[in-house]
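Asks: Take a look at the following structure, please.
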Amino acid sequence: MKVLVPVKRVVDYNVKVRVRADGSGVETQGVKMSMNPFDEIATEEAVRLREKGVATEVVAVSLGVAACAETVRTALAMGADRGVLVETEVELQPLAVAKLLAALVRREEPGLVLLGKQAIDDDMNATGQMLAALLGWPQATFASRITIVGAEATVTREVDGGLETLAMPLPAVITADLRLNEPRYASLPNIMKARKKPIETIKPADLGVDPTPRLRLVGVAEPPRRKAGVKVASAAELVERLRLEAKVI
């Protein structure tokens with residue numbers, strides 16, 4: 001079984017995000033970029049499935065500017081077998097990403113698409129669901145455990161009330177949550193090996209997809225700054241301030 005793993009290039013989670021002066025978006029010039037953490041988890045799970053003999057090949061795919069090839073290289077260093085870069089300068093939105101991935105799925109014919117539940121840059125949490133709808137495949141989101149036996153996947157997913165377990169036939173789309181696994185660090189030998197693994201570069205037109213944005217960004221602004229804390233001399237004063245200011249009593 002082939003596993004397709006989409007991986008997104010985002011601002012590194014350790015970087016303090018800054019809004020551009022004109023409010024047109026988030027500053028990315030000169031900022032450290034890395035693989036979306038949820039996609040790292042998805043890549044790790046795909047590699048583990050191959051190590052167990054469940055999967056035969058792991059294909060990492062990224063969509064965006066040429067620099068996204070480095071994100072694919074990271075996935076290859078983690079253990080993916082080959083990579084695909086859909087290169088475009090157009091700002092990709094979830095529906096366009098889902099359409100491009102659907103076209104790739106029809107070309108690659110994987111038995112499973114495994115991706116992060118959301119990207120940390122926009123938190124839309126929409127691509128996996130849209131992809132499943134376009135393909136007409138069963139889906140499981142927020143997966144914290146995945147078991148595959150034969151042509152059936154059993155997925156434990158996190159919901160508001162606790163855990164839910166689903167069983168579905170393959171092929172399917174599964175999105176990974178934080179507790180699915182802990183991604184491995186790519187070793188230096190694997191990083192060197194990843195440089196020799198193939199990355200195919202194609203354009204959206206090669207897949208017959210028009211990635212033109214459908215949403216218009218009105219503006220981006222930082223949240224209001226929190227007010228400084230206030231020290232109180234006693235518990236009695238704290239209770240009084242809570243009564244008068246927080247309106248809890």
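Each chain of the structure tokens is named A, B, ... in the order shown, its residues numbered from 1; ligands are numbered from 1 in display order.
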What lies within 10 Å of Arg73 in chain A using only C-alpha atoms, ignoring chain neighbours under 3 positions off, as a list in words?
Replies: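 In the requested form, the answer reads Ala60, Cys68, Ala69, Glu70, Leu76, Ala77, Met78, Gly79, Ala80, Arg82, Gly83, Ile191, Met192, Lys193, Ala194, Arg195, Lys196, Lys197, Pro198 and Ile199 of chain A.
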Asks: Take the selection from the previous step and output its residues with C-alpha atoms, as an mmCIF file, in the first residue's frame.
Replies:
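Wrote it out as selection_34.cif, contents follow:
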data_model
loop_
_atom_site.group_PDB
_atom_site.id
_atom_site.type_symbol
_atom_site.label_atom_id
_atom_site.label_comp_id
_atom_site.auth_asym_id
_atom_site.auth_seq_id
_atom_site.Cartn_x
_atom_site.Cartn_y
_atom_site.Cartn_z
ATOM 1 C CA ALA A 60 5.779 13.222 0.534
ATOM 2 C CA CYS A 68 8.940 24.091 -0.290
ATOM 3 C CA ALA A 69 11.368 21.538 -1.732
ATOM 4 C CA GLU A 70 13.287 21.829 1.553
ATOM 5 C CA LEU A 76 12.640 12.351 2.973
ATOM 6 C CA ALA A 77 15.200 12.603 5.782
ATOM 7 C CA MET A 78 12.553 11.286 8.202
ATOM 8 C CA GLY A 79 12.118 8.236 5.995
ATOM 9 C CA ALA A 80 9.801 9.044 3.090
ATOM 10 C CA ARG A 82 10.304 10.023 -2.689
ATOM 11 C CA GLY A 83 8.850 13.477 -3.008
ATOM 12 C CA ILE A 191 19.767 13.844 5.884
ATOM 13 C CA MET A 192 22.604 13.026 3.489
ATOM 14 C CA LYS A 193 20.633 10.133 1.982
ATOM 15 C CA ALA A 194 17.633 12.433 1.506
ATOM 16 C CA ARG A 195 19.677 14.586 -0.861
ATOM 17 C CA LYS A 196 19.853 11.644 -3.262
ATOM 18 C CA LYS A 197 16.174 10.752 -3.121
ATOM 19 C CA PRO A 198 14.101 11.955 -6.073
ATOM 20 C CA ILE A 199 11.801 14.993 -5.942
#
Asks: I need the strand (DSSP E or B) residues of range 78-145 of chain A per DSSP on the backbone, written as a list in words.
Replies: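 Checking each residue of range 78-145 of chain A, the strand (DSSP E or B) ones are Arg82, Gly83, Val84, Leu85, Val86, Glu87, Leu112, Val113, Leu114, Leu115, Gly116, Gln139, Ala140, Thr141, Phe142, Ala143, Ser144 and Arg145 of chain A.
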Asks: Could those residues be written to a file, using N, CA and C atoms, as a PDB file, in the first residue's frame?
Replies:
ATOM      1  N   ARG A  82      10.121   9.051  -1.622  1.00  0.00           N
ATOM      2  CA  ARG A  82      10.304  10.023  -2.689  1.00  0.00           C
ATOM      3  C   ARG A  82       9.380  11.206  -2.459  1.00  0.00           C
ATOM      4  N   GLY A  83       9.616  12.267  -3.228  1.00  0.00           N
ATOM      5  CA  GLY A  83       8.850  13.477  -3.008  1.00  0.00           C
ATOM      6  C   GLY A  83       8.292  14.061  -4.295  1.00  0.00           C
ATOM      7  N   VAL A  84       7.244  14.863  -4.139  1.00  0.00           N
ATOM      8  CA  VAL A  84       6.642  15.594  -5.251  1.00  0.00           C
ATOM      9  C   VAL A  84       6.440  17.034  -4.796  1.00  0.00           C
ATOM     10  N   LEU A  85       6.858  17.984  -5.622  1.00  0.00           N
ATOM     11  CA  LEU A  85       6.631  19.403  -5.356  1.00  0.00           C
ATOM     12  C   LEU A  85       5.736  19.960  -6.447  1.00  0.00           C
ATOM     13  N   VAL A  86       4.578  20.471  -6.044  1.00  0.00           N
ATOM     14  CA  VAL A  86       3.705  21.192  -6.967  1.00  0.00           C
ATOM     15  C   VAL A  86       4.058  22.668  -6.809  1.00  0.00           C
ATOM     16  N   GLU A  87       4.848  23.171  -7.740  1.00  0.00           N
ATOM     17  CA  GLU A  87       5.420  24.515  -7.585  1.00  0.00           C
ATOM     18  C   GLU A  87       4.518  25.581  -8.184  1.00  0.00           C
ATOM     19  N   LEU A 112      -3.804   5.294   1.092  1.00  0.00           N
ATOM     20  CA  LEU A 112      -4.064   6.130   2.269  1.00  0.00           C
ATOM     21  C   LEU A 112      -3.438   7.499   2.058  1.00  0.00           C
ATOM     22  N   VAL A 113      -4.190   8.540   2.401  1.00  0.00           N
ATOM     23  CA  VAL A 113      -3.643   9.891   2.463  1.00  0.00           C
ATOM     24  C   VAL A 113      -3.614  10.281   3.930  1.00  0.00           C
ATOM     25  N   LEU A 114      -2.431  10.587   4.430  1.00  0.00           N
ATOM     26  CA  LEU A 114      -2.236  10.882   5.847  1.00  0.00           C
ATOM     27  C   LEU A 114      -1.625  12.262   5.971  1.00  0.00           C
ATOM     28  N   LEU A 115      -2.335  13.200   6.590  1.00  0.00           N
ATOM     29  CA  LEU A 115      -1.849  14.573   6.701  1.00  0.00           C
ATOM     30  C   LEU A 115      -2.189  15.137   8.072  1.00  0.00           C
ATOM     31  N   GLY A 116      -1.546  16.266   8.402  1.00  0.00           N
ATOM     32  CA  GLY A 116      -1.823  16.915   9.674  1.00  0.00           C
ATOM     33  C   GLY A 116      -3.245  17.440   9.724  1.00  0.00           C
ATOM     34  N   GLN A 139     -13.286   9.281   5.770  1.00  0.00           N
ATOM     35  CA  GLN A 139     -12.273  10.086   6.445  1.00  0.00           C
ATOM     36  C   GLN A 139     -12.362   9.919   7.946  1.00  0.00           C
ATOM     37  N   ALA A 140     -11.230  10.163   8.606  1.00  0.00           N
ATOM     38  CA  ALA A 140     -11.173  10.220  10.066  1.00  0.00           C
ATOM     39  C   ALA A 140     -10.245  11.370  10.430  1.00  0.00           C
ATOM     40  N   THR A 141     -10.745  12.304  11.221  1.00  0.00           N
ATOM     41  CA  THR A 141      -9.957  13.477  11.596  1.00  0.00           C
ATOM     42  C   THR A 141      -9.509  13.371  13.049  1.00  0.00           C
ATOM     43  N   PHE A 142      -8.477  14.150  13.385  1.00  0.00           N
ATOM     44  CA  PHE A 142      -7.960  14.226  14.769  1.00  0.00           C
ATOM     45  C   PHE A 142      -7.533  12.848  15.299  1.00  0.00           C
ATOM     46  N   ALA A 143      -6.854  12.078  14.459  1.00  0.00           N
ATOM     47  CA  ALA A 143      -6.493  10.705  14.846  1.00  0.00           C
ATOM     48  C   ALA A 143      -5.410  10.701  15.920  1.00  0.00           C
ATOM     49  N   SER A 144      -5.655   9.942  16.993  1.00  0.00           N
ATOM     50  CA  SER A 144      -4.643   9.753  18.037  1.00  0.00           C
ATOM     51  C   SER A 144      -4.103   8.329  18.037  1.00  0.00           C
ATOM     52  N   ARG A 145      -4.723   7.450  17.232  1.00  0.00           N
ATOM     53  CA  ARG A 145      -4.215   6.078  17.064  1.00  0.00           C
ATOM     54  C   ARG A 145      -4.755   5.529  15.757  1.00  0.00           C
TER      55      ARG A 145
END
Asks: Counting only C-alpha atoms, which residues of range 94-181 of chain A fall within 7 Å of range 36-44 of chain A, and what is the closest atom pair for each with its distance in Å at one decimal, ordered by chain and rising number, as a Markdown table?
Replies:
| residue | atom | partner | partner_atom | distance |
| --- | --- | --- | --- | --- |
| A:Leu114 | CA | A:Ala42 | CA | 5.8 |
| A:Leu115 | CA | A:Ala42 | CA | 5.2 |
| A:Gly116 | CA | A:Phe38 | CA | 4.2 |
| A:Lys117 | CA | A:Phe38 | CA | 6.4 |
| A:Gln118 | CA | A:Phe38 | CA | 6.8 |
| A:Ala119 | CA | A:Asn36 | CA | 6.0 |
| A:Ile120 | CA | A:Asn36 | CA | 6.6 |
| A:Ala176 | CA | A:Ala42 | CA | 5.6 |
| A:Asp177 | CA | A:Phe38 | CA | 6.6 |
| A:Leu178 | CA | A:Phe38 | CA | 6.7 |
| A:Asn181 | CA | A:Ile41 | CA | 6.3 |
Asks: Using DSSP on the backbone coordinates, identify the residues of range 27-228 of chain A assigned to alpha helix (DSSP H); present them as a PyMOL selection string.
Replies: chain A and resi 37-51+68-78+94-108+127-135+188-194
Asks: Hey, can you spit out that residue selection with C-alpha atoms as a short mmCIF file (atom, residue, chain, number, x, y, z; two decimals), in the first residue's frame?
Replies:
data_model
loop_
_atom_site.label_atom_id
_atom_site.label_comp_id
_atom_site.auth_asym_id
_atom_site.auth_seq_id
_atom_site.Cartn_x
_atom_site.Cartn_y
_atom_site.Cartn_z
CA PRO A 37 4.25 20.13 13.21
CA PHE A 38 1.05 18.17 12.52
CA ASP A 39 2.48 17.13 9.14
CA GLU A 40 5.63 15.93 10.92
CA ILE A 41 3.41 13.64 12.98
CA ALA A 42 1.67 12.40 9.83
CA THR A 43 5.03 11.71 8.17
CA GLU A 44 6.26 9.81 11.22
CA GLU A 45 3.11 7.66 11.25
CA ALA A 46 3.45 6.89 7.54
CA VAL A 47 7.08 5.84 8.01
CA ARG A 48 6.09 3.64 10.95
CA LEU A 49 3.44 1.97 8.81
CA ARG A 50 6.09 1.18 6.21
CA GLU A 51 8.46 -0.14 8.89
CA CYS A 68 8.94 24.09 -0.29
CA ALA A 69 11.37 21.54 -1.73
CA GLU A 70 13.29 21.83 1.55
CA THR A 71 10.15 20.73 3.41
CA VAL A 72 9.95 17.70 1.15
CA ARG A 73 13.64 17.02 1.89
CA THR A 74 12.85 17.05 5.59
CA ALA A 75 10.18 14.39 5.04
CA LEU A 76 12.64 12.35 2.97
CA ALA A 77 15.20 12.60 5.78
CA MET A 78 12.55 11.29 8.20
CA PRO A 94 -7.49 25.01 1.29
CA LEU A 95 -9.84 24.30 -1.62
CA ALA A 96 -7.06 24.73 -4.20
CA VAL A 97 -4.76 22.53 -2.11
CA ALA A 98 -7.47 19.87 -1.85
CA LYS A 99 -8.06 19.94 -5.62
CA LEU A 100 -4.33 19.64 -6.34
CA LEU A 101 -4.01 16.76 -3.87
CA ALA A 102 -7.06 15.05 -5.37
CA ALA A 103 -5.44 15.23 -8.80
CA LEU A 104 -2.22 13.78 -7.37
CA VAL A 105 -4.16 11.00 -5.65
CA ARG A 106 -5.75 10.02 -8.95
CA ARG A 107 -2.29 9.90 -10.52
CA GLU A 108 -0.45 8.14 -7.68
CA THR A 127 -7.91 20.54 3.63
CA GLY A 128 -8.31 16.95 4.79
CA GLN A 129 -12.09 17.16 4.90
CA MET A 130 -12.29 18.85 1.48
CA LEU A 131 -9.95 16.25 -0.01
CA ALA A 132 -12.08 13.37 1.28
CA ALA A 133 -15.20 15.02 -0.15
CA LEU A 134 -13.60 15.55 -3.57
CA LEU A 135 -12.41 11.93 -3.70
CA LEU A 188 22.83 13.17 9.73
CA PRO A 189 23.21 10.01 7.59
CA ASN A 190 19.49 10.15 6.72
CA ILE A 191 19.77 13.84 5.88
CA MET A 192 22.60 13.03 3.49
CA LYS A 193 20.63 10.13 1.98
CA ALA A 194 17.63 12.43 1.51
#
Asks: As an exercise, work out the distance from CA of Leu215 in chain A to CA of Gln93 in chain A in Å and give it to one decimal place.
Replies: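 About the pair CA of Leu215 in chain A and CA of Gln93 in chain A: they are 7.8 Å apart.
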Asks: May I ask which of the residues A:Pro224, A:Pro6, A:Gly219, A:Gly111 is the closest one to Val26 in chain A, counting only C-alpha atoms?
Replies: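 Selected residue with least distance to Val26 in chain A: A:Gly219.
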Asks: Which of these residues is nearest to Pro223 in chain A, using only C-alpha atoms: A:Val159, A:Glu57, A:Arg18, A:Lys8?
Replies: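 Among the listed residues, A:Arg18 lies closest to Pro223 in chain A.
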Asks: Expressed in Å to a single decimal, how great is the separation between CA of Arg214 in chain A and CA of Asn125 in chain A?
Replies: 16.8 Å
Asks: So which residues touch Thr28 in chain A within 10 Å, counting only C-alpha atoms, skipping near sequence neighbours fewer than 5 positions away, as a PyMOL selection string?
Replies: chain A and resi 10-11+17-20+33
Asks: For the selection you just gave me, I'd like the residues written to a file as an mmCIF file, in the first residue's frame, keeping N, CA and C atoms.
Replies:
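What follows is the written file again00.cif:
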data_model
loop_
_atom_site.group_PDB
_atom_site.id
_atom_site.type_symbol
_atom_site.label_atom_id
_atom_site.label_comp_id
_atom_site.auth_asym_id
_atom_site.auth_seq_id
_atom_site.Cartn_x
_atom_site.Cartn_y
_atom_site.Cartn_z
ATOM 1 N N VAL A 10 5.704 26.195 6.833
ATOM 2 C CA VAL A 10 5.102 27.257 7.646
ATOM 3 C C VAL A 10 6.193 27.959 8.454
ATOM 4 N N VAL A 11 5.838 29.076 9.051
ATOM 5 C CA VAL A 11 6.742 29.743 9.980
ATOM 6 C C VAL A 11 6.998 28.808 11.156
ATOM 7 N N VAL A 17 5.544 35.324 15.727
ATOM 8 C CA VAL A 17 4.965 35.804 14.473
ATOM 9 C C VAL A 17 4.752 37.316 14.542
ATOM 10 N N ARG A 18 5.145 38.011 13.461
ATOM 11 C CA ARG A 18 4.962 39.461 13.375
ATOM 12 C C ARG A 18 4.065 39.788 12.186
ATOM 13 N N VAL A 19 3.157 40.710 12.402
ATOM 14 C CA VAL A 19 2.254 41.156 11.335
ATOM 15 C C VAL A 19 2.947 42.236 10.523
ATOM 16 N N ARG A 20 2.800 42.187 9.213
ATOM 17 C CA ARG A 20 3.379 43.214 8.346
ATOM 18 C C ARG A 20 2.810 44.587 8.690
ATOM 19 N N MET A 33 11.639 29.032 8.570
ATOM 20 C CA MET A 33 10.489 28.236 8.146
ATOM 21 C C MET A 33 10.780 26.750 8.406
#
Asks: Which residue gives the smallest distance to Asp81 in chain A among A:Val58, A:Asp160, A:Ser34, A:Ala221, with only C-alpha atoms counted?
Replies: A:Val58
Asks: To one decimal place, how far is CA of Trp137 in chain A from CA of Ala172 in chain A in Å?
Replies: 5.3 Å
Asks: Restricting the calculation to only C-alpha atoms, which member of A:Gly161, A:Pro183, A:Pro204, A:Pro110 is positioned closest to Ser62 in chain A?
Replies: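 That would be A:Pro204, the residue with the smallest distance to Ser62 in chain A.
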Asks: Name all residues at most 9 Å from Gly150 in chain A (count only C-alpha atoms; drop same-chain ones fewer than 3 positions away) and give them as a list in words.
Replies: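 In the requested format, the answer is Val54, Ala153 and Leu170 of chain A.
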Asks: Restricted to C-alpha atoms, what would the selected residues look like written as a compact mmCIF listing (two decimals), in the first residue's frame?
Replies:
# COMPACT_ATOMS: atom_id res chain seq x y z
CA VAL A 54 1.74 -2.25 6.23
CA ALA A 153 -8.35 1.09 9.07
CA LEU A 170 -9.33 1.82 2.49
